[in-house]
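Just data-v3.cif here, mmCIF, C-alpha atoms and all ligand atoms:
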data_protein
#
loop_
_atom_site.label_atom_id
_atom_site.label_comp_id
_atom_site.auth_asym_id
_atom_site.auth_seq_id
_atom_site.Cartn_x
_atom_site.Cartn_y
_atom_site.Cartn_z
CA MET A 1 30.35 -37.45 13.23
CA PRO A 2 30.95 -38.59 9.62
CA THR A 3 34.36 -37.54 8.33
CA GLN A 4 33.35 -37.08 4.72
CA LEU A 5 32.20 -33.63 3.74
CA LEU A 6 28.69 -33.35 2.33
CA LEU A 7 28.44 -31.20 -0.80
CA ALA A 8 24.84 -30.53 -1.76
CA ALA A 9 24.06 -28.84 -5.08
CA ASN A 10 20.94 -26.70 -4.79
CA TRP A 11 19.84 -26.06 -8.37
CA LYS A 12 16.77 -24.09 -7.26
CA MET A 13 14.35 -23.33 -10.15
CA ASN A 14 16.92 -24.06 -12.85
CA PRO A 15 17.24 -26.99 -15.24
CA PRO A 16 19.97 -29.55 -14.59
CA PRO A 17 23.32 -28.28 -15.91
CA ASN A 18 24.56 -29.60 -19.27
CA GLY A 19 26.17 -32.99 -18.90
CA PHE A 20 24.62 -33.69 -15.49
CA ASN A 21 24.07 -37.28 -16.64
CA ALA A 22 27.42 -37.79 -18.41
CA PRO A 23 29.72 -40.53 -17.11
CA SER A 24 32.22 -37.86 -15.99
CA SER A 25 29.57 -35.69 -14.32
CA PRO A 26 30.74 -34.17 -11.02
CA TYR A 27 27.19 -34.67 -9.71
CA ARG A 28 27.58 -38.43 -9.55
CA PRO A 29 27.90 -40.15 -6.18
CA ARG A 30 31.52 -40.91 -5.31
CA PRO A 31 33.31 -42.90 -2.61
CA ASP A 32 35.34 -40.05 -1.09
CA THR A 33 32.77 -37.24 -0.78
CA ASP A 34 29.07 -37.18 -0.07
CA VAL A 35 27.66 -35.54 -3.19
CA LEU A 36 23.95 -34.78 -3.24
CA VAL A 37 21.89 -33.02 -5.88
CA LEU A 38 18.73 -31.01 -5.18
CA PRO A 39 16.96 -30.51 -8.52
CA ALA A 40 13.60 -28.94 -9.22
CA THR A 41 10.80 -31.43 -8.54
CA VAL A 42 10.10 -32.01 -12.24
CA ASP A 43 13.72 -33.04 -12.80
CA LEU A 44 13.99 -35.49 -9.91
CA GLU A 45 13.12 -38.54 -11.95
CA ARG A 46 15.61 -37.96 -14.73
CA CYS A 47 18.35 -37.25 -12.17
CA LEU A 48 17.49 -40.52 -10.44
CA ALA A 49 17.49 -42.29 -13.79
CA ALA A 50 20.99 -40.89 -14.37
CA GLY A 51 22.16 -42.54 -11.13
CA LEU A 52 22.44 -39.36 -9.06
CA ARG A 53 21.66 -39.21 -5.36
CA VAL A 54 18.87 -36.70 -5.05
CA GLY A 55 16.84 -34.76 -2.56
CA GLY A 56 13.83 -32.47 -2.81
CA GLN A 57 14.01 -28.71 -2.33
CA GLY A 58 11.02 -28.77 -0.01
CA ALA A 59 7.73 -30.52 0.63
CA ARG A 60 4.64 -30.42 2.77
CA PRO A 61 4.41 -32.63 5.82
CA GLU A 62 0.91 -34.00 5.06
CA ALA A 63 0.89 -37.25 3.04
CA THR A 64 -1.86 -36.13 0.63
CA GLY A 65 -4.46 -33.41 0.49
CA ALA A 66 -5.80 -30.22 -1.03
CA PHE A 67 -2.50 -28.37 -1.45
CA THR A 68 -2.47 -27.33 -5.10
CA GLY A 69 1.00 -27.09 -6.55
CA ASP A 70 2.75 -28.82 -3.67
CA VAL A 71 4.37 -32.21 -3.19
CA SER A 72 4.48 -34.21 0.03
CA MET A 73 7.45 -35.71 1.84
CA GLU A 74 5.90 -39.08 1.15
CA MET A 75 5.88 -38.40 -2.61
CA LEU A 76 9.56 -37.48 -2.54
CA LYS A 77 10.35 -40.60 -0.58
CA ARG A 78 8.36 -42.80 -2.95
CA LEU A 79 10.22 -41.33 -5.91
CA GLY A 80 13.59 -42.27 -4.42
CA CYS A 81 14.79 -39.10 -2.74
CA THR A 82 17.11 -39.61 0.23
CA HIS A 83 17.08 -36.02 1.50
CA VAL A 84 14.85 -32.96 1.60
CA LEU A 85 15.55 -29.29 2.29
CA CYS A 86 13.35 -27.77 4.97
CA GLY A 87 12.87 -24.06 5.49
CA HIS A 88 15.29 -22.69 2.91
CA SER A 89 15.21 -18.91 3.30
CA GLU A 90 13.65 -18.57 -0.17
CA ARG A 91 10.80 -20.80 1.00
CA ARG A 92 10.48 -18.80 4.21
CA GLN A 93 10.45 -15.57 2.19
CA HIS A 94 8.31 -16.47 -0.83
CA HIS A 95 6.08 -19.17 0.64
CA GLY A 96 5.70 -17.91 4.18
CA GLU A 97 7.26 -20.99 5.79
CA THR A 98 7.44 -20.38 9.52
CA ASP A 99 9.60 -21.98 12.20
CA ALA A 100 6.59 -24.08 13.25
CA PHE A 101 6.04 -25.29 9.68
CA VAL A 102 9.73 -26.11 9.25
CA SER A 103 9.53 -28.12 12.45
CA GLU A 104 6.58 -30.10 11.04
CA GLN A 105 8.48 -30.71 7.81
CA VAL A 106 11.55 -32.01 9.64
CA ARG A 107 9.44 -34.32 11.81
CA ALA A 108 7.48 -35.64 8.82
CA ALA A 109 10.69 -36.34 6.89
CA LEU A 110 12.24 -38.14 9.86
CA ALA A 111 9.15 -40.30 10.26
CA LEU A 112 9.60 -41.45 6.65
CA ASP A 113 13.33 -42.02 7.00
CA LEU A 114 13.95 -39.16 4.59
CA THR A 115 16.92 -37.09 5.78
CA PRO A 116 15.91 -33.47 6.39
CA ILE A 117 18.37 -30.64 5.87
CA ALA A 118 16.98 -27.82 7.99
CA CYS A 119 18.05 -24.32 6.90
CA VAL A 120 18.62 -21.46 9.31
CA GLY A 121 20.20 -18.04 8.97
CA GLU A 122 19.79 -14.35 9.68
CA THR A 123 19.12 -11.50 7.26
CA GLY A 124 21.61 -8.69 6.70
CA GLU A 125 19.39 -6.35 8.66
CA GLU A 126 19.28 -8.73 11.62
CA ARG A 127 23.06 -9.08 11.56
CA ALA A 128 23.47 -5.29 11.38
CA MET A 129 21.43 -5.09 14.58
CA GLY A 130 23.62 -7.73 16.23
CA LYS A 131 20.72 -10.17 16.35
CA GLU A 132 22.22 -13.09 14.41
CA ARG A 133 22.48 -15.41 17.41
CA GLU A 134 19.04 -14.49 18.67
CA ILE A 135 17.52 -15.33 15.26
CA LEU A 136 19.39 -18.61 15.04
CA GLN A 137 18.40 -19.51 18.56
CA ARG A 138 14.74 -18.99 17.66
CA GLN A 139 14.99 -21.01 14.46
CA LEU A 140 16.94 -23.80 16.16
CA ALA A 141 14.54 -23.97 19.09
CA ALA A 142 11.82 -25.12 16.67
CA LEU A 143 13.82 -28.09 15.42
CA PRO A 144 13.63 -31.56 16.96
CA THR A 145 16.82 -32.57 18.79
CA GLU A 146 17.38 -35.44 16.36
CA THR A 147 17.63 -33.11 13.32
CA PRO A 148 20.50 -34.76 11.43
CA ILE A 149 21.67 -31.95 9.11
CA ILE A 150 21.47 -28.21 9.61
CA ALA A 151 22.53 -25.70 6.96
CA TYR A 152 23.64 -22.29 8.17
CA GLU A 153 22.75 -19.98 5.33
CA PRO A 154 23.04 -16.29 6.17
CA VAL A 155 20.38 -14.72 3.96
CA TRP A 156 22.67 -11.81 3.05
CA ALA A 157 25.16 -14.26 1.56
CA ILE A 158 22.74 -16.24 -0.61
CA GLY A 159 23.15 -15.52 -4.30
CA THR A 160 24.92 -12.25 -3.55
CA GLY A 161 28.53 -13.25 -4.22
CA LYS A 162 29.24 -12.06 -0.68
CA ASN A 163 30.01 -15.12 1.43
CA ALA A 164 30.34 -15.14 5.20
CA THR A 165 34.00 -15.01 6.14
CA PRO A 166 35.39 -18.34 7.33
CA ALA A 167 35.59 -16.83 10.84
CA GLN A 168 31.95 -15.71 10.75
CA ALA A 169 30.87 -19.13 9.47
CA GLN A 170 32.90 -20.93 12.15
CA GLU A 171 31.50 -18.70 14.89
CA MET A 172 27.90 -19.43 13.90
CA HIS A 173 28.56 -23.12 13.32
CA ALA A 174 30.15 -23.42 16.76
CA PHE A 175 27.01 -21.84 18.17
CA ILE A 176 24.78 -24.31 16.31
CA ARG A 177 27.04 -27.16 17.43
CA SER A 178 26.53 -26.10 21.04
CA VAL A 179 22.80 -26.70 20.58
CA PHE A 180 23.00 -29.67 18.16
CA PRO A 181 26.20 -31.52 19.00
CA HIS A 182 25.41 -34.47 16.73
CA ALA A 183 24.08 -32.73 13.62
CA ARG A 184 26.07 -32.36 10.45
CA LEU A 185 26.49 -28.66 9.75
CA LEU A 186 26.60 -27.26 6.23
CA TYR A 187 27.53 -23.73 5.24
CA GLY A 188 25.57 -22.12 2.39
CA GLY A 189 25.79 -18.67 0.83
CA SER A 190 27.94 -17.85 -2.21
CA MET A 191 30.27 -20.79 -1.73
CA ASN A 192 32.46 -21.15 -4.81
CA GLU A 193 35.76 -22.65 -5.90
CA LYS A 194 37.66 -19.64 -4.51
CA ASN A 195 36.32 -19.64 -0.98
CA ALA A 196 35.37 -23.32 -0.55
CA LEU A 197 38.68 -24.46 0.86
CA ASP A 198 38.74 -21.82 3.60
CA LEU A 199 35.08 -22.30 4.50
CA LEU A 200 35.16 -26.10 4.45
CA SER A 201 38.37 -26.19 6.50
CA GLN A 202 36.63 -24.64 9.50
CA LYS A 203 36.37 -26.98 12.44
CA ASP A 204 32.57 -26.99 12.66
CA VAL A 205 31.82 -26.86 8.93
CA ASP A 206 30.94 -30.36 7.71
CA GLY A 207 30.01 -29.50 4.16
CA GLY A 208 28.37 -27.00 1.86
CA LEU A 209 24.98 -26.19 0.38
CA ILE A 210 25.93 -24.69 -2.95
CA GLY A 211 23.58 -22.73 -5.21
CA SER A 212 24.96 -20.69 -8.13
CA ALA A 213 28.37 -22.39 -8.27
CA SER A 214 26.71 -25.81 -8.39
CA LEU A 215 25.08 -24.92 -11.71
CA GLN A 216 28.51 -24.80 -13.36
CA PRO A 217 29.85 -28.36 -13.54
CA ARG A 218 33.44 -27.10 -13.59
CA SER A 219 32.95 -24.96 -10.49
CA PHE A 220 31.23 -27.79 -8.66
CA GLN A 221 34.03 -30.14 -9.65
CA SER A 222 36.60 -27.63 -8.32
CA ILE A 223 34.74 -27.41 -5.01
CA ILE A 224 34.84 -31.21 -4.74
CA GLU A 225 38.57 -31.13 -5.43
CA ARG A 226 39.12 -28.49 -2.73
CA ALA A 227 37.09 -30.59 -0.30
CA LEU A 228 39.26 -33.61 -1.03
CA THR A 229 42.37 -31.75 0.15
CA ILE A 230 40.84 -31.40 3.62
CA ALA A 231 41.81 -34.28 5.88
P1 LIG A 301 24.19 -19.58 -3.41
O1 LIG A 301 22.90 -20.32 -2.85
O2 LIG A 301 25.33 -20.56 -3.37
O3 LIG A 301 23.83 -19.19 -4.83
O4 LIG A 301 24.44 -18.40 -2.55
C1 LIG A 301 22.98 -21.17 -1.75
C2 LIG A 301 21.61 -21.62 -1.34
O5 LIG A 301 20.67 -20.81 -1.38
O6 LIG A 301 21.41 -22.79 -0.96
#
Kindly transcribe the structure held in the file into C-alpha cells.
Ligand code: PGA
Amino acid sequence: MPTQLLLAANWKMNPPPNGFNAPSSPYRPRPDTDVLVLPATVDLERCLAAGLRVGGQGARPEATGAFTGDVSMEMLKRLGCTHVLCGHSERRQHHGETDAFVSEQVRAALALDLTPIACVGETGEERAMGKEREILQRQLAALPTETPIIAYEPVWAIGTGKNATPAQAQEMHAFIRSVFPHARLLYGGSMNEKNALDLLSQKDVDGGLIGSASLQPRSFQSIIERALTIA
C-alpha cells in the first residue's frame, strides 16, 4: 500500500481555478503527496501543458464509435491522462451509468494502463434505511478485483457541506478494504480544510476526492498541508 496520500481535485463542470498554472500552484505534482487534477475534458490539454498530472472525469469504454458528445478511455490516454473517474454518482444520476457500465469502464481503463478511480456510495435515503453496506456491496461486486483505486463518496455528502463523520468514513472504508484489500481508498464528500485532517487520519482512508474545496487554491493548499502532517 503506498504511504503517500492521494489528493484528487475534481473540478467537475467548472473552469480551472485562477492561477492553476502558476509556478506556486497547489495543483502541481509534488514529491511528498500524490496530487491529481480532474478538469473538464476541454481543459485537459491546457492543464497538461501547465505540467499538471491529470485524469478524466469519465469516459466510454469503446475506443471509437457513434456516441455523440462522449470521449473514450483511449482518447484520454492518448491525450496524456494517467487516471480516470468511473461511475461518479453525478454520472450515475445524470447519465444513467449502471454498475455494469462502471465495470466496463474500469476494465477498459485497466486494459489501456489508465488508472481507474471507481466511485461508490449510498444515497441519504439508502443510509436512512440502513442499507449503506448493501448498496456498497452491490456496487463493489461489479468491480474487477484488480481495481486499484476506489472512492467512497456518500451521495448525501457530495456538495452539501455535510461530510461523513471520520467514524462513518472509517467504518465504510474498512468494509471496502475487507473486499478490496489492495485498493487505495479515497474519501469524497464535502472534504475541506477543516475536516481533512480528521478524515485523512483514519486508518483506511488513503486520500481524498475533493470537489468544491479544490476549486479554491487556498483551500486545496490547506488540505495538502493537513495531509502532510499525517505520518
Ligand atoms: P464535494 O465533491 O467535495 O464538492 O462534496 C466531491 C466529489 O463529488 O467528488
Show me which residues are within 6 Å of ligand LIG 301 (chain A) counting only C-alpha atoms and all ligand atoms, and format the list as a PyMOL selection string. chain A and resi 10+157-159+188-191+209-212
Name the closest residue to Ile224 (chain A) among the candidates A:Arg30, A:Arg107, A:Lys12, A:His182; distances are taken between atoms, counting all atoms listed in the file.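 Of A:Arg30, A:Arg107, A:Lys12, A:His182, the one nearest Ile224 (chain A), counting all atoms listed in the file, is A:Arg30.
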Pairwise distance for CA of Phe220 (chain A) and CA of Ile117 (chain A), rounded to one decimal in Å: 19.6 Å
Can you measure CA of Ala142 (chain A) to CA of Pro181 (chain A) for me? One decimal in Å is fine.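 We find that CA of Ala142 (chain A) and CA of Pro181 (chain A) lie 15.9 Å from each other.
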So what do you get for CA of Pro154 (chain A) versus CA of Glu225 (chain A), distance-wise?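 The value is 24.4 Å.
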Mind running region 63-108 of chain A against region 122-139 of chain A at 10 Å and telling me each contacting residue's nearest atom pair with the distance in Å (one decimal), counting all atoms listed in the file, chain and number ascending, as a Markdown table?
| residue | atom | partner | partner_atom | distance |
| --- | --- | --- | --- | --- |
| A:Gly87 | CA | A:Gln139 | CA | 9.7 |
| A:Ser89 | CA | A:Glu122 | CA | 9.1 |
| A:Thr98 | CA | A:Gln139 | CA | 9.0 |
| A:Asp99 | CA | A:Gln139 | CA | 5.9 |
| A:Ala100 | CA | A:Gln139 | CA | 9.0 |
| A:Val102 | CA | A:Gln139 | CA | 9.0 |
| A:Ser103 | CA | A:Gln139 | CA | 9.2 |
Selection above as a file: C-alpha atoms, as a compact mmCIF listing (two decimals), keeping the file's coordinate frame:
# COMPACT_ATOMS: atom_id res chain seq x y z
CA GLY A 87 12.87 -24.06 5.49
CA SER A 89 15.21 -18.91 3.30
CA THR A 98 7.44 -20.38 9.52
CA ASP A 99 9.60 -21.98 12.20
CA ALA A 100 6.59 -24.08 13.25
CA VAL A 102 9.73 -26.11 9.25
CA SER A 103 9.53 -28.12 12.45
My list of candidates is A:Val84, A:Asp34, A:Phe20, A:Ala66. Which is closest to Asp206 (chain A) when distances are computed with only C-alpha atoms? A:Asp34
Find the spatial neighbours of Thr147 (chain A), counting only C-alpha atoms, within a cut-off of 12 Å - ignore same-chain residues fewer than 2 positions away - and output them as a PyMOL selection string. chain A and resi 85-86+102-111+113-119+140-145+149-151+176-177+179-185
Please identify all polymer residues within 7 Å of Arg53 (chain A), counting all atoms listed in the file, omitting same-chain residues fewer than 4 positions from it, and present them as a PyMOL selection string. chain A and resi 29+36-37+48
Hey, can you spit out that residue selection with C-alpha atoms as an mmCIF file, keeping the file's coordinate frame?
data_model
loop_
_atom_site.group_PDB
_atom_site.id
_atom_site.type_symbol
_atom_site.label_atom_id
_atom_site.label_comp_id
_atom_site.auth_asym_id
_atom_site.auth_seq_id
_atom_site.Cartn_x
_atom_site.Cartn_y
_atom_site.Cartn_z
ATOM 1 C CA PRO A 29 27.900 -40.150 -6.180
ATOM 2 C CA LEU A 36 23.950 -34.780 -3.240
ATOM 3 C CA VAL A 37 21.890 -33.020 -5.880
ATOM 4 C CA LEU A 48 17.490 -40.520 -10.440
#
Residues at most 12 Å from Asn21 (chain A), counting only C-alpha atoms, excluding those fewer than 6 positions away in the same chain, as a ChimeraX atom specification? /A:27-29,37,43,45-53,217
Just checking: using all atoms listed in the file, which residue out of A:Pro15, A:Gly69, A:Gly208, A:Pro148 ends up closest to Ala40 (chain A)? A:Pro15
Can you pull out the residues contacting Leu79 (chain A)? Cut-off 9 Å, using all atoms listed in the file, and skip same-chain residues under 2 positions away; I want them as a ChimeraX atom specification. /A:44-45,48,74-77,81
Between A:Val54, A:Glu97, A:Val42, A:Thr229, which one has atoms that come closest to Thr82 (chain A), using only C-alpha atoms?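 Looking only at the distances to Thr82 (chain A), the closest residue turns out to be A:Val54.
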Here is a test: counting all atoms listed in the file, which residue of A:Leu7, A:His88, A:Ser178, A:Met13 is nearest to Ala227 (chain A)?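 Ranked by minimum distance to Ala227 (chain A), first place goes to A:Leu7.
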Rank A:Ala213, A:Val205, A:Leu5, A:Leu228 by their smallest atom-to-atom distance to Gly161 (chain A), using all atoms listed in the file, and report the top residue only.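 Closest candidate: A:Ala213.
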Edge lengths and centre in Å to one decimal, as JSON, is what I'm after for the box along x, y and z that holds all listed atoms of region 47-62 of chain A once 6 Å is added on each side.
{"center_x": 11.7, "center_y": -35.6, "center_z": -4.3, "size_x": 33.5, "size_y": 25.8, "size_z": 32.2}
Since fewer atoms than expected are present, regenerate all heavy atoms for region 134-145 of chain A and write them as a short mmCIF file (atom, residue, chain, number, x, y, z; two decimals), keeping the file's coordinate frame.
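In the end it all went to rebuild-v2.cif:
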data_model
loop_
_atom_site.label_atom_id
_atom_site.label_comp_id
_atom_site.auth_asym_id
_atom_site.auth_seq_id
_atom_site.Cartn_x
_atom_site.Cartn_y
_atom_site.Cartn_z
N GLU A 134 20.42 -14.46 18.19
CA GLU A 134 19.04 -14.49 18.67
C GLU A 134 18.12 -15.15 17.62
O GLU A 134 17.27 -15.98 17.94
CB GLU A 134 18.62 -13.05 18.89
CG GLU A 134 17.36 -12.83 19.66
CD GLU A 134 17.06 -11.34 19.73
OE1 GLU A 134 17.97 -10.54 20.08
OE2 GLU A 134 15.93 -10.98 19.40
N ILE A 135 18.34 -14.78 16.35
CA ILE A 135 17.52 -15.33 15.26
C ILE A 135 17.77 -16.83 15.13
O ILE A 135 16.84 -17.63 15.05
CB ILE A 135 17.85 -14.61 13.92
CG1 ILE A 135 17.50 -13.12 14.01
CG2 ILE A 135 17.16 -15.28 12.74
CD1 ILE A 135 16.05 -12.82 14.30
N LEU A 136 19.05 -17.19 15.16
CA LEU A 136 19.39 -18.61 15.04
C LEU A 136 18.81 -19.41 16.20
O LEU A 136 18.27 -20.50 16.01
CB LEU A 136 20.92 -18.77 15.01
CG LEU A 136 21.48 -19.41 13.75
CD1 LEU A 136 21.08 -18.62 12.52
CD2 LEU A 136 22.99 -19.55 13.81
N GLN A 137 18.91 -18.83 17.37
CA GLN A 137 18.40 -19.51 18.56
C GLN A 137 16.90 -19.81 18.40
O GLN A 137 16.44 -20.89 18.71
CB GLN A 137 18.62 -18.61 19.77
CG GLN A 137 18.68 -19.34 21.07
CD GLN A 137 19.51 -18.56 22.09
OE1 GLN A 137 19.67 -17.35 21.97
NE2 GLN A 137 20.04 -19.25 23.08
N ARG A 138 16.19 -18.82 17.86
CA ARG A 138 14.74 -18.99 17.66
C ARG A 138 14.47 -20.08 16.62
O ARG A 138 13.64 -20.96 16.82
CB ARG A 138 14.15 -17.66 17.19
CG ARG A 138 12.64 -17.61 17.21
CD ARG A 138 12.09 -16.57 16.25
NE ARG A 138 12.25 -16.98 14.87
CZ ARG A 138 12.46 -16.15 13.86
NH1 ARG A 138 12.55 -14.85 14.05
NH2 ARG A 138 12.60 -16.61 12.63
N GLN A 139 15.21 -20.02 15.52
CA GLN A 139 14.99 -21.01 14.46
C GLN A 139 15.38 -22.42 14.93
O GLN A 139 14.70 -23.40 14.63
CB GLN A 139 15.80 -20.63 13.21
CG GLN A 139 15.32 -19.33 12.57
CD GLN A 139 16.23 -18.83 11.45
OE1 GLN A 139 17.41 -19.15 11.42
NE2 GLN A 139 15.68 -18.05 10.55
N LEU A 140 16.46 -22.50 15.68
CA LEU A 140 16.94 -23.80 16.16
C LEU A 140 15.99 -24.39 17.21
O LEU A 140 15.79 -25.60 17.27
CB LEU A 140 18.35 -23.68 16.76
CG LEU A 140 19.47 -23.34 15.77
CD1 LEU A 140 20.77 -23.05 16.54
CD2 LEU A 140 19.71 -24.46 14.76
N ALA A 141 15.42 -23.51 18.01
CA ALA A 141 14.54 -23.97 19.09
C ALA A 141 13.34 -24.74 18.54
O ALA A 141 12.76 -25.58 19.21
CB ALA A 141 14.07 -22.78 19.92
N ALA A 142 12.97 -24.45 17.27
CA ALA A 142 11.82 -25.12 16.67
C ALA A 142 12.15 -26.52 16.18
O ALA A 142 11.25 -27.31 15.90
CB ALA A 142 11.30 -24.27 15.51
N LEU A 143 13.43 -26.82 16.04
CA LEU A 143 13.82 -28.09 15.42
C LEU A 143 13.89 -29.22 16.45
O LEU A 143 14.36 -29.01 17.57
CB LEU A 143 15.18 -27.96 14.74
CG LEU A 143 15.27 -26.91 13.62
CD1 LEU A 143 16.71 -26.82 13.11
CD2 LEU A 143 14.32 -27.26 12.49
N PRO A 144 13.48 -30.43 16.04
CA PRO A 144 13.63 -31.56 16.96
C PRO A 144 15.11 -31.85 17.23
O PRO A 144 15.95 -31.62 16.35
CB PRO A 144 12.97 -32.73 16.22
CG PRO A 144 12.81 -32.31 14.80
CD PRO A 144 12.86 -30.82 14.76
N THR A 145 15.41 -32.35 18.41
CA THR A 145 16.82 -32.57 18.79
C THR A 145 17.51 -33.56 17.87
O THR A 145 18.72 -33.52 17.73
CB THR A 145 16.94 -33.09 20.24
OG1 THR A 145 16.00 -34.16 20.39
CG2 THR A 145 16.66 -32.02 21.25
#
